[in-house]
Amino acid sequence: MNKQVNYGRFLHGGDYNPEQWMNRPDILRTDIEYFKKSHINTVSLGIFSWSVLEPNEGEYHFEWLEEIIDTMYHNGISVILATPSGARPKWMSDKYPEVLRVNENRERNLFGGRHNHCYTSPVYREKTRRINMELAKRFGQHPAVILWHISNEFGGECHCPLCQEEFRKWLEEKYQTIEALNECWATTFWSHRYNSFSQIESPSPRGESGLHALTLDWKRFVTERTIDFLKHEVQAIRDGGSDKPVTANLMYDYAGLDYKKFREALDIVSWDNYPSWHKHTEWKTALDCGLQHDLMRSIQNRPFLLMESCPSATNWQPVSKLKKPGMLLTASLQAVAHGSDSVLYFQLRQSQGSSEKFHGAVIDHYGGCDTRVFREVTEVGNALEQIQEITGSHTVSPAAILYDRENDWAMKDSQGPRNEDLHYMECIQKHYQALRNQGINTDIISMEHDLQGYQIVAAPMSYMHRRDYAQKLASFVENGGTLVLTYWSGIVDETDLCYLEGTPHGLMEVTGIRSTEIDALYDWEENHAVPENGNHLGLSSIYTCKNFCDLVQPIKQKPDVEILLRYADDFYQGWPALTHHAFGKGHAYYVCADLEEAFYGDFYPQIIKEAHILSPLESIPEGVSVTTRENDSSTYLFVQNFGTKAVSVPIPAEYKLLYGDTEASMKPLTTRIFKKAR
Ligand code: GLA
Ligand code: ZN
């Protein structure tokens with residue numbers, strides 16, 4: 001992770017493929033005019049351009065790209081330049097089949113699609129290195145080029161012999177001896193012990209698929225292999241003489257890679273957001289996007305870029321719906337509210353053929369600028385110019401939620417009390433929604449993240465705690481933090497070995513309880529949590545519990561554990577459903593069951609108060625999103641109405657309006673941005 005990138009203006013624009021229009025110079029000329037008209041100041045070029053850049057092996061054709069980059073420059077438009085490795089030309093896979101990916105059944109793919117390559121193949125690496133170096137030599141110093149876009153949406157995995165070999169090396173480096181690996185992987189079970197690293201193969205549905213630690217390590221390896229490839233690409237750019245910053249566009253809740261590991265490899269995180277607006281309530285979708293924005297920002301704890309979003313409808317969702325008027329602007333400003341320094345689209349001009357010909361674009365097949373989408377894009381461009389001073393400002397979050405990919409992998413594969421529908425994401429969302437309803441900036445963190453600076457940390461369903469993690473949480477509480485732990489936490493270590501001597505492992509002292517058993521509920525089953533009279537948070541409602549009911553008991557040495565809710569039904573009626581334990585200077589709560597949303601809505605405002613966290617606004621109407629960003633001189637307050645009704649949102653007097661209307665109430669899908677001196 002190098003220096004922070006701040007362009008001093010919001011990047012507005014997106015993916016542009018002029019190589020699809022080489023025989024239409026008239027179109028290319030109009031595009032530039034349209035870009036200027038809609039306040040587009042940035043284009044991403046070269047994504048998937050390899051077969052035009054190098055039509056035959058070693059034969060580079062960069063003139064067209066040079067001409068486009070120059071033209072952009074002369075028109076005040078910046079360029080994000082991509083490396084083309086997201087898809088390779090046919091000649092390459094014909095001549096060197098090893099560049100193609102091998103699936104988990106050990107079948108090599110045919111040419112086609114994209115992202116269909118081996119990250120280990122020396123040939124693929126060499127070809128990528130060459131072209132990246134050439135691009136860097138030719139354009140790496142060009143004043144229009146502001147950022148490198150490495151490949152496109154890294155993802156997938158390759159099980160070819162070369163990758164298998166790398167995997168074995170990786171394991172050997174990690175475990176040193178095969179005995180250590182056997183121990184950590186519990187291979188004695190079903191007689192799966194290995195005698196040497198050379199015997200190990202990646203997981204496969206045709207072979208080993210039940211050795212959880214193998215699967216986990218394979219997934220970790222895939223992340224590291226991908227990052228290794230990414231670094232290899234960046235090195236080629238550096239060797240080609242360009243020191244411009246690099247990014248890679250990440251994807252929505254992508255479970256194939258552990259994105260936290262990209263922290264050091266990128267100068268700035270970017271991601272592609274394609275929500276299904278108008279499918280659920282807008283507030284529900286907004287919370288879902290908000291969480292992903294927060295996750296992306298939290299990877300480096302600094303501003304990120306929205307690299308792709310759709311100005312209209314996509315064409316790959318089961319139902320690809322148009323955005324209603326105002327949605328594009330609201331969704332774009334939501335990204336900014338959560339820390340983005342850009343609003344970029346896929347795509348600027350719609351392609352004429354192939355699989356994305358109906359994907360929304362700033363300029364569609366009709367080709368005019370007198371369209372609704374074009375007008376709305378222009379509106380976004382205008383808004384971004386108006387709030388330009390916000391770029392580079394930071395998000396300070398008093399709360400964080402642990403949503404760790406390794407935990408997700410391990411839990412899905414755990415073969416525990418529920419094998420389908422663990423509802424992990426829903427659980428994370430319940431905590432998130434409750435915090436966000438109070439206008440609290442919330443980071444979405446991994447186990448690696450430092451907990452300093454947070455007042456509340458929720459670690460819901462944190463099934464896997466690395467060996468050192470309990471201590472991290474314990475110190476956090478001891479020093480005054482509020483920890484919200486839930487059922488199914490602190491169960492296994494990093495190789496999925498169950499902790500012995502009681503769970504939540506290493507946190508029984510802190511929470512004051514031990515989980516004795518856990519009941520899984522059928523989908524149609526419910527239990528209830530009933531408030532204990534006089535509980536210190538004043539909880540007074542009865543809440544439904546579903547899916548999981550953890551049966552916890554205060555440990556002997558901790559008779560001071562407070563029970564705030566108790567189960568109402570089944571043989572564990574009367575057992576705790578919510579506990580509290582004061583530990584050091586802080587508080588540890590243990591939520592025993594998958595409680596309904598309403599519980600979190602009552603619980604969080606109380607613990608926010610207890611933690612002395614102040615919301616930026618005293619009262620927030622339902623469906624209104626409140627976030628802040630700050631720099632040395634100002635705090636910026638974003639208020640967005642994702643609700644269904646016009647609402648009045650009183651703002652403290654020290655805030656001055658920077659963007660938005662001044663009517664008495666805020667209509668649905670409107671945004672106001674305020675500013676106060678710090
Ligand atoms: C992804 C890709 C783009 C394009 C869009 C379509 O994000 O990166 O190339 O395919 O999806 O929504
Ligand atoms: Zn491979």
# chains A, B, ... in the order shown; residues from 1 in each chain; ligands from 1
$ residues_near_ligand --ligand "ligand 2" --cutoff "12 Å" --atoms "only C-alpha atoms and all ligand atoms" --output "JSON, numbers by chain"
{"A": [97, 98, 99, 100, 101, 102, 103, 104, 106, 107, 108, 109, 116, 117, 118, 119, 120, 121, 122, 123, 124, 125, 156, 157, 158, 159, 160, 161, 162, 163, 164, 165, 166, 167, 202, 222, 225, 226, 229]}
$ residues_near_ligand --ligand "ligand 1" --cutoff "8 Å" --atoms "only C-alpha atoms and all ligand atoms" --output "PyMOL selection string"
chain A and resi 15+47+152-153+249+251+272-274+308-310+314-316+346-347+356+359
$ write_last_selection --atoms "N, CA, C and O atoms" --output "tab-separated table (two decimals), in the first residue's frame"
chain	number	residue	atom	x	y	z
A	15	ASP	N	-15.77	2.72	-18.15
A	15	ASP	CA	-15.22	1.84	-19.18
A	15	ASP	C	-15.59	2.33	-20.57
A	15	ASP	O	-16.76	2.59	-20.85
A	47	ILE	N	-9.39	-2.30	-21.24
A	47	ILE	CA	-9.89	-3.50	-20.57
A	47	ILE	C	-10.35	-4.45	-21.68
A	47	ILE	O	-11.19	-4.08	-22.49
A	152	ASN	N	-8.98	-7.42	-14.88
A	152	ASN	CA	-10.37	-7.06	-14.62
A	152	ASN	C	-11.00	-8.11	-13.71
A	152	ASN	O	-10.91	-9.31	-13.99
A	153	GLU	N	-11.56	-7.65	-12.64
A	153	GLU	CA	-12.29	-8.53	-11.71
A	153	GLU	C	-11.60	-9.89	-11.53
A	153	GLU	O	-12.15	-10.93	-11.91
A	249	ASN	N	-10.20	-3.88	-9.83
A	249	ASN	CA	-11.63	-3.74	-9.48
A	249	ASN	C	-12.16	-5.00	-8.83
A	249	ASN	O	-12.12	-6.09	-9.40
A	251	MET	N	-15.23	-7.20	-6.52
A	251	MET	CA	-16.64	-7.47	-6.79
A	251	MET	C	-17.48	-7.57	-5.52
A	251	MET	O	-16.96	-7.87	-4.44
A	272	ASP	N	-16.90	-2.80	-8.16
A	272	ASP	CA	-17.98	-2.72	-9.14
A	272	ASP	C	-19.31	-3.03	-8.46
A	272	ASP	O	-19.50	-4.12	-7.92
A	273	ASN	N	-20.22	-2.10	-8.51
A	273	ASN	CA	-21.47	-2.23	-7.75
A	273	ASN	C	-22.69	-2.28	-8.67
A	273	ASN	O	-22.95	-1.33	-9.40
A	274	TYR	N	-23.41	-3.38	-8.61
A	274	TYR	CA	-24.60	-3.55	-9.46
A	274	TYR	C	-25.82	-3.98	-8.65
A	274	TYR	O	-26.29	-5.12	-8.77
A	308	GLU	N	-17.08	0.61	-11.31
A	308	GLU	CA	-18.17	0.34	-12.26
A	308	GLU	C	-19.50	0.45	-11.55
A	308	GLU	O	-19.62	0.05	-10.39
A	309	SER	N	-20.47	0.96	-12.26
A	309	SER	CA	-21.86	0.95	-11.82
A	309	SER	C	-22.65	1.13	-13.10
A	309	SER	O	-22.08	1.52	-14.12
A	310	CYS	N	-23.94	0.84	-13.06
A	310	CYS	CA	-24.66	0.91	-14.33
A	310	CYS	C	-25.52	2.17	-14.41
A	310	CYS	O	-26.33	2.42	-13.53
A	314	THR	N	-28.63	-3.33	-16.10
A	314	THR	CA	-27.65	-4.31	-16.57
A	314	THR	C	-28.38	-5.25	-17.53
A	314	THR	O	-29.56	-5.03	-17.84
A	315	ASN	N	-27.71	-6.30	-17.97
A	315	ASN	CA	-28.41	-7.29	-18.81
A	315	ASN	C	-28.17	-8.70	-18.31
A	315	ASN	O	-28.46	-9.67	-19.00
A	316	TRP	N	-27.61	-8.82	-17.11
A	316	TRP	CA	-27.26	-10.17	-16.65
A	316	TRP	C	-28.00	-10.57	-15.38
A	316	TRP	O	-27.90	-11.70	-14.95
A	346	PHE	N	-19.90	1.21	-15.94
A	346	PHE	CA	-19.77	0.31	-17.07
A	346	PHE	C	-21.08	0.50	-17.81
A	346	PHE	O	-22.12	0.13	-17.32
A	347	GLN	N	-21.06	1.16	-18.88
A	347	GLN	CA	-20.02	1.50	-19.81
A	347	GLN	C	-20.39	2.84	-20.42
A	347	GLN	O	-21.51	3.31	-20.28
A	356	GLU	N	-22.90	-8.40	-24.17
A	356	GLU	CA	-23.33	-7.27	-23.34
A	356	GLU	C	-23.97	-6.15	-24.17
A	356	GLU	O	-24.00	-4.99	-23.76
A	359	HIS	N	-26.49	-4.25	-22.29
A	359	HIS	CA	-26.14	-3.69	-20.98
A	359	HIS	C	-26.21	-2.16	-21.06
A	359	HIS	O	-25.74	-1.56	-22.02
$ select_by_dssp --residues "region 26-265 of chain A" --states "strand (DSSP E)" --output "PyMOL selection string"
chain A and resi 42-45+78-82+145-149+246-247+249-251
$ residues_around --residues "Ser489 (chain A)" --least-positions-apart "6" --cutoff "12 Å" --atoms "only C-alpha atoms" --output "PyMOL selection string"
chain A and resi 402+407-408+410-411+424+458-466+469-470+498-499+502-508+511+514-515+518+548+550+590-593
$ write_last_selection --atoms "N, CA, C and O atoms" --output "CSV table (one decimal), in the first residue's frame"
chain,number,residue,atom,x,y,z
A,402,LEU,N,-17.2,-7.4,12.4
A,402,LEU,CA,-16.3,-8.4,11.8
A,402,LEU,C,-17.0,-9.2,10.8
A,402,LEU,O,-18.0,-9.9,11.1
A,407,ASN,N,-13.6,-16.9,7.9
A,407,ASN,CA,-14.6,-17.4,8.8
A,407,ASN,C,-15.8,-17.8,7.9
A,407,ASN,O,-16.4,-18.9,8.2
A,408,ASP,N,-16.1,-17.1,6.9
A,408,ASP,CA,-17.2,-17.4,6.0
A,408,ASP,C,-17.0,-18.8,5.3
A,408,ASP,O,-17.8,-19.7,5.3
A,410,ALA,N,-14.9,-21.1,6.3
A,410,ALA,CA,-14.9,-22.2,7.3
A,410,ALA,C,-16.3,-22.6,7.8
A,410,ALA,O,-16.6,-23.8,7.9
A,411,MET,N,-17.1,-21.6,8.0
A,411,MET,CA,-18.4,-21.9,8.5
A,411,MET,C,-19.3,-22.6,7.5
A,411,MET,O,-20.0,-23.5,7.9
A,424,TYR,N,-25.6,-16.2,7.6
A,424,TYR,CA,-24.5,-15.4,8.1
A,424,TYR,C,-24.6,-14.0,7.6
A,424,TYR,O,-24.6,-13.1,8.4
A,458,ALA,N,-18.8,-5.6,16.8
A,458,ALA,CA,-19.7,-6.8,16.8
A,458,ALA,C,-18.9,-7.9,16.0
A,458,ALA,O,-18.4,-7.6,14.9
A,459,ALA,N,-18.9,-9.1,16.6
A,459,ALA,CA,-18.3,-10.2,15.9
A,459,ALA,C,-19.3,-11.3,15.8
A,459,ALA,O,-19.2,-12.4,16.4
A,460,PRO,N,-20.4,-11.1,14.9
A,460,PRO,CA,-21.5,-12.0,14.9
A,460,PRO,C,-21.0,-13.3,14.2
A,460,PRO,O,-20.3,-13.3,13.2
A,461,MET,N,-21.5,-14.4,14.7
A,461,MET,CA,-21.2,-15.8,14.1
A,461,MET,C,-19.7,-15.9,13.7
A,461,MET,O,-19.4,-16.3,12.7
A,462,SER,N,-18.9,-15.5,14.6
A,462,SER,CA,-17.4,-15.6,14.3
A,462,SER,C,-17.0,-17.0,14.8
A,462,SER,O,-16.3,-17.1,15.8
A,463,TYR,N,-17.4,-17.9,14.0
A,463,TYR,CA,-17.2,-19.4,14.2
A,463,TYR,C,-15.7,-19.6,14.4
A,463,TYR,O,-15.2,-20.3,15.2
A,464,MET,N,-14.9,-19.0,13.4
A,464,MET,CA,-13.4,-19.3,13.5
A,464,MET,C,-12.7,-18.1,14.1
A,464,MET,O,-12.9,-16.9,13.7
A,465,HIS,N,-12.0,-18.3,15.2
A,465,HIS,CA,-11.1,-17.3,15.7
A,465,HIS,C,-9.7,-17.8,15.5
A,465,HIS,O,-9.4,-18.9,16.1
A,466,ARG,N,-8.9,-17.1,14.8
A,466,ARG,CA,-7.5,-17.5,14.8
A,466,ARG,C,-7.0,-17.5,16.2
A,466,ARG,O,-7.5,-16.9,17.1
A,469,TYR,N,-6.9,-14.4,18.1
A,469,TYR,CA,-8.0,-13.4,18.0
A,469,TYR,C,-8.8,-13.2,19.3
A,469,TYR,O,-9.2,-12.0,19.6
A,470,ALA,N,-9.0,-14.2,20.1
A,470,ALA,CA,-9.7,-14.0,21.4
A,470,ALA,C,-9.0,-13.0,22.2
A,470,ALA,O,-9.6,-12.1,22.8
A,498,CYS,N,-11.4,-27.9,16.2
A,498,CYS,CA,-12.3,-27.4,17.3
A,498,CYS,C,-11.5,-27.1,18.5
A,498,CYS,O,-10.6,-27.9,18.9
A,499,TYR,N,-11.8,-26.0,19.1
A,499,TYR,CA,-11.1,-25.6,20.4
A,499,TYR,C,-11.6,-26.6,21.5
A,499,TYR,O,-12.8,-26.9,21.5
A,502,GLY,N,-14.0,-25.7,26.2
A,502,GLY,CA,-15.0,-24.7,26.3
A,502,GLY,C,-15.0,-23.6,25.3
A,502,GLY,O,-13.9,-23.1,24.9
A,503,THR,N,-16.2,-23.2,24.9
A,503,THR,CA,-16.3,-22.1,23.9
A,503,THR,C,-17.3,-21.0,24.5
A,503,THR,O,-18.1,-21.4,25.3
A,504,PRO,N,-17.2,-19.8,24.0
A,504,PRO,CA,-16.3,-19.2,23.1
A,504,PRO,C,-14.9,-19.2,23.6
A,504,PRO,O,-14.6,-18.6,24.6
A,505,HIS,N,-14.1,-19.9,22.8
A,505,HIS,CA,-12.7,-20.1,23.2
A,505,HIS,C,-11.9,-18.8,23.6
A,505,HIS,O,-12.0,-17.9,22.8
A,506,GLY,N,-11.3,-18.8,24.7
A,506,GLY,CA,-10.5,-17.6,25.1
A,506,GLY,C,-11.4,-16.4,25.5
A,506,GLY,O,-10.8,-15.4,25.9
A,507,LEU,N,-12.7,-16.6,25.5
A,507,LEU,CA,-13.5,-15.4,25.8
A,507,LEU,C,-14.6,-15.8,26.9
A,507,LEU,O,-15.5,-15.0,27.1
A,508,MET,N,-14.4,-16.9,27.5
A,508,MET,CA,-15.3,-17.2,28.6
A,508,MET,C,-15.2,-16.3,29.8
A,508,MET,O,-16.2,-15.9,30.4
A,511,THR,N,-16.8,-12.9,28.5
A,511,THR,CA,-18.3,-12.9,28.4
A,511,THR,C,-18.9,-13.5,29.7
A,511,THR,O,-20.1,-13.2,29.9
A,514,ARG,N,-20.3,-19.9,29.2
A,514,ARG,CA,-19.8,-21.0,28.3
A,514,ARG,C,-21.0,-21.5,27.6
A,514,ARG,O,-22.1,-21.7,28.1
A,515,SER,N,-20.7,-21.8,26.3
A,515,SER,CA,-21.8,-22.4,25.4
A,515,SER,C,-21.7,-23.9,25.7
A,515,SER,O,-20.7,-24.5,25.5
A,518,ILE,N,-25.6,-26.3,21.3
A,518,ILE,CA,-26.4,-25.4,20.4
A,518,ILE,C,-27.4,-26.2,19.7
A,518,ILE,O,-27.2,-27.3,19.1
A,548,PHE,N,-30.8,-20.8,15.1
A,548,PHE,CA,-29.9,-21.3,16.1
A,548,PHE,C,-30.3,-20.8,17.5
A,548,PHE,O,-30.6,-19.7,17.7
A,550,ASP,N,-28.4,-21.1,21.1
A,550,ASP,CA,-27.2,-21.5,21.9
A,550,ASP,C,-27.6,-21.6,23.3
A,550,ASP,O,-28.3,-20.8,23.9
A,590,TYR,N,-23.5,-11.2,24.9
A,590,TYR,CA,-23.5,-12.4,24.1
A,590,TYR,C,-25.0,-12.7,23.7
A,590,TYR,O,-25.8,-12.8,24.5
A,591,VAL,N,-25.2,-12.6,22.4
A,591,VAL,CA,-26.5,-12.8,21.8
A,591,VAL,C,-26.6,-14.3,21.5
A,591,VAL,O,-25.9,-14.8,20.6
A,592,CYS,N,-27.5,-15.0,22.2
A,592,CYS,CA,-27.5,-16.5,22.2
A,592,CYS,C,-28.2,-17.1,20.9
A,592,CYS,O,-27.9,-18.2,20.5
A,593,ALA,N,-29.1,-16.4,20.4
A,593,ALA,CA,-29.9,-16.9,19.3
A,593,ALA,C,-30.0,-16.0,18.1
A,593,ALA,O,-29.6,-14.8,18.2
$ closest_atom_pairs --of "region 360-476 of chain A" --to "region 29-37 of chain A" --cutoff "12 Å" --atoms "only C-alpha atoms" --output "Markdown table"
| residue | atom | partner | partner_atom | distance |
| --- | --- | --- | --- | --- |
| A:Val362 | CA | A:Phe35 | CA | 9.1 |
| A:Ile363 | CA | A:Asp31 | CA | 8.1 |
| A:Asp364 | CA | A:Asp31 | CA | 11.1 |
| A:Gly367 | CA | A:Thr30 | CA | 9.0 |
| A:Gly368 | CA | A:Tyr34 | CA | 8.8 |
| A:Cys369 | CA | A:Tyr34 | CA | 6.8 |
| A:Asp370 | CA | A:Tyr34 | CA | 10.4 |
| A:Thr371 | CA | A:Tyr34 | CA | 11.7 |
| A:Phe374 | CA | A:Tyr34 | CA | 8.9 |
| A:Arg375 | CA | A:Lys37 | CA | 9.7 |
| A:Glu376 | CA | A:Lys37 | CA | 11.9 |
| A:Val377 | CA | A:Lys37 | CA | 9.9 |
| A:Thr378 | CA | A:Lys37 | CA | 7.2 |
| A:Glu379 | CA | A:Lys37 | CA | 10.5 |
| A:Val380 | CA | A:Lys37 | CA | 11.8 |
| A:Gly381 | CA | A:Lys37 | CA | 9.3 |
| A:Asn382 | CA | A:Lys37 | CA | 10.1 |
$ write_last_selection --atoms "N, CA and C atoms" --output "short mmCIF file (atom, residue, chain, number, x, y, z; two decimals), in the first residue's frame"
data_model
loop_
_atom_site.label_atom_id
_atom_site.label_comp_id
_atom_site.auth_asym_id
_atom_site.auth_seq_id
_atom_site.Cartn_x
_atom_site.Cartn_y
_atom_site.Cartn_z
N VAL A 362 -23.95 4.98 -20.91
CA VAL A 362 -24.23 6.42 -20.96
C VAL A 362 -24.77 6.78 -22.34
N ILE A 363 -24.12 6.20 -23.37
CA ILE A 363 -24.59 6.43 -24.74
C ILE A 363 -25.06 5.08 -25.28
N ASP A 364 -26.31 5.01 -25.68
CA ASP A 364 -26.85 3.71 -26.12
C ASP A 364 -26.83 3.58 -27.64
N GLY A 367 -27.66 6.51 -29.85
CA GLY A 367 -26.50 7.34 -30.12
C GLY A 367 -26.66 8.83 -29.84
N GLY A 368 -27.82 9.24 -29.38
CA GLY A 368 -28.01 10.66 -29.10
C GLY A 368 -27.77 10.99 -27.64
N CYS A 369 -27.71 12.28 -27.34
CA CYS A 369 -27.57 12.66 -25.94
C CYS A 369 -28.90 13.18 -25.38
N ASP A 370 -29.94 13.12 -26.19
CA ASP A 370 -31.25 13.54 -25.71
C ASP A 370 -32.01 12.35 -25.13
N THR A 371 -31.39 11.69 -24.17
CA THR A 371 -32.03 10.55 -23.52
C THR A 371 -32.13 10.82 -22.02
N PHE A 374 -28.83 9.86 -20.27
CA PHE A 374 -27.78 10.86 -20.48
C PHE A 374 -28.01 12.08 -19.58
N ARG A 375 -29.26 12.49 -19.48
CA ARG A 375 -29.56 13.65 -18.62
C ARG A 375 -29.22 13.35 -17.17
N GLU A 376 -29.54 12.14 -16.74
CA GLU A 376 -29.28 11.80 -15.34
C GLU A 376 -27.78 11.65 -15.06
N VAL A 377 -27.05 11.14 -16.05
CA VAL A 377 -25.60 11.06 -15.91
C VAL A 377 -25.02 12.48 -15.78
N THR A 378 -25.54 13.37 -16.58
CA THR A 378 -25.07 14.76 -16.54
C THR A 378 -25.34 15.37 -15.16
N GLU A 379 -26.49 15.01 -14.62
CA GLU A 379 -26.84 15.50 -13.29
C GLU A 379 -25.83 15.01 -12.25
N VAL A 380 -25.41 13.76 -12.38
CA VAL A 380 -24.40 13.21 -11.46
C VAL A 380 -23.10 14.01 -11.62
N GLY A 381 -22.71 14.24 -12.87
CA GLY A 381 -21.48 15.00 -13.13
C GLY A 381 -21.52 16.38 -12.51
N ASN A 382 -22.67 17.03 -12.64
CA ASN A 382 -22.84 18.35 -12.03
C ASN A 382 -22.70 18.31 -10.53
#
$ closest_residue --among "A:Thr83, A:Thr482, A:Gln429, A:Ser634" --to "Ile444 (chain A)" --atoms "only C-alpha atoms"
A:Gln429
$ closest_residue --among "A:Glu525, A:Glu179, A:Glu173, A:Glu562" --to "Cys549 (chain A)" --atoms "only C-alpha atoms"
A:Glu525
$ atom_distance --atom1 "CA of Ser320 (chain A)" --atom2 "CA of Gly643 (chain A)"
22.1 Å
$ closest_atom_pairs --of "region 357-445 of chain A" --to "region 279-285 of chain A" --cutoff "12 Å" --atoms "only C-alpha atoms" --output "tab-separated table"
residue	atom	partner	partner_atom	distance
A:Glu426	CA	A:Lys284	CA	11.5
A:Gln429	CA	A:Lys284	CA	9.7
A:Lys430	CA	A:Lys284	CA	10.9
A:Tyr432	CA	A:Lys284	CA	11.3
A:Gln433	CA	A:Lys284	CA	8.8
A:Arg436	CA	A:Trp283	CA	10.9
A:Asn437	CA	A:Trp283	CA	10.2
$ write_last_selection --atoms "N, CA, C and O atoms" --output "PDB file, in the first residue's frame"
ATOM      1  N   GLU A 426     -27.190 -12.400   6.562  1.00  0.00           N
ATOM      2  CA  GLU A 426     -28.372 -11.763   7.183  1.00  0.00           C
ATOM      3  C   GLU A 426     -28.063 -11.333   8.616  1.00  0.00           C
ATOM      4  O   GLU A 426     -28.507 -10.282   9.071  1.00  0.00           O
ATOM      5  N   GLN A 429     -26.039  -8.300   8.496  1.00  0.00           N
ATOM      6  CA  GLN A 429     -26.891  -7.175   8.093  1.00  0.00           C
ATOM      7  C   GLN A 429     -27.763  -6.661   9.237  1.00  0.00           C
ATOM      8  O   GLN A 429     -28.027  -5.471   9.323  1.00  0.00           O
ATOM      9  N   LYS A 430     -28.201  -7.554  10.098  1.00  0.00           N
ATOM     10  CA  LYS A 430     -29.047  -7.099  11.212  1.00  0.00           C
ATOM     11  C   LYS A 430     -28.256  -6.157  12.127  1.00  0.00           C
ATOM     12  O   LYS A 430     -28.771  -5.141  12.577  1.00  0.00           O
ATOM     13  N   TYR A 432     -25.620  -4.476  11.229  1.00  0.00           N
ATOM     14  CA  TYR A 432     -25.280  -3.296  10.425  1.00  0.00           C
ATOM     15  C   TYR A 432     -26.459  -2.330  10.352  1.00  0.00           C
ATOM     16  O   TYR A 432     -26.320  -1.130  10.587  1.00  0.00           O
ATOM     17  N   GLN A 433     -27.605  -2.873  10.039  1.00  0.00           N
ATOM     18  CA  GLN A 433     -28.803  -2.038   9.907  1.00  0.00           C
ATOM     19  C   GLN A 433     -29.088  -1.275  11.201  1.00  0.00           C
ATOM     20  O   GLN A 433     -29.411  -0.088  11.173  1.00  0.00           O
ATOM     21  N   ARG A 436     -26.611   1.494  11.493  1.00  0.00           N
ATOM     22  CA  ARG A 436     -26.823   2.514  10.462  1.00  0.00           C
ATOM     23  C   ARG A 436     -28.121   3.290  10.681  1.00  0.00           C
ATOM     24  O   ARG A 436     -28.200   4.465  10.337  1.00  0.00           O
ATOM     25  N   ASN A 437     -29.118   2.642  11.253  1.00  0.00           N
ATOM     26  CA  ASN A 437     -30.358   3.360  11.561  1.00  0.00           C
ATOM     27  C   ASN A 437     -30.104   4.503  12.539  1.00  0.00           C
ATOM     28  O   ASN A 437     -30.869   5.457  12.600  1.00  0.00           O
TER      29      ASN A 437
END
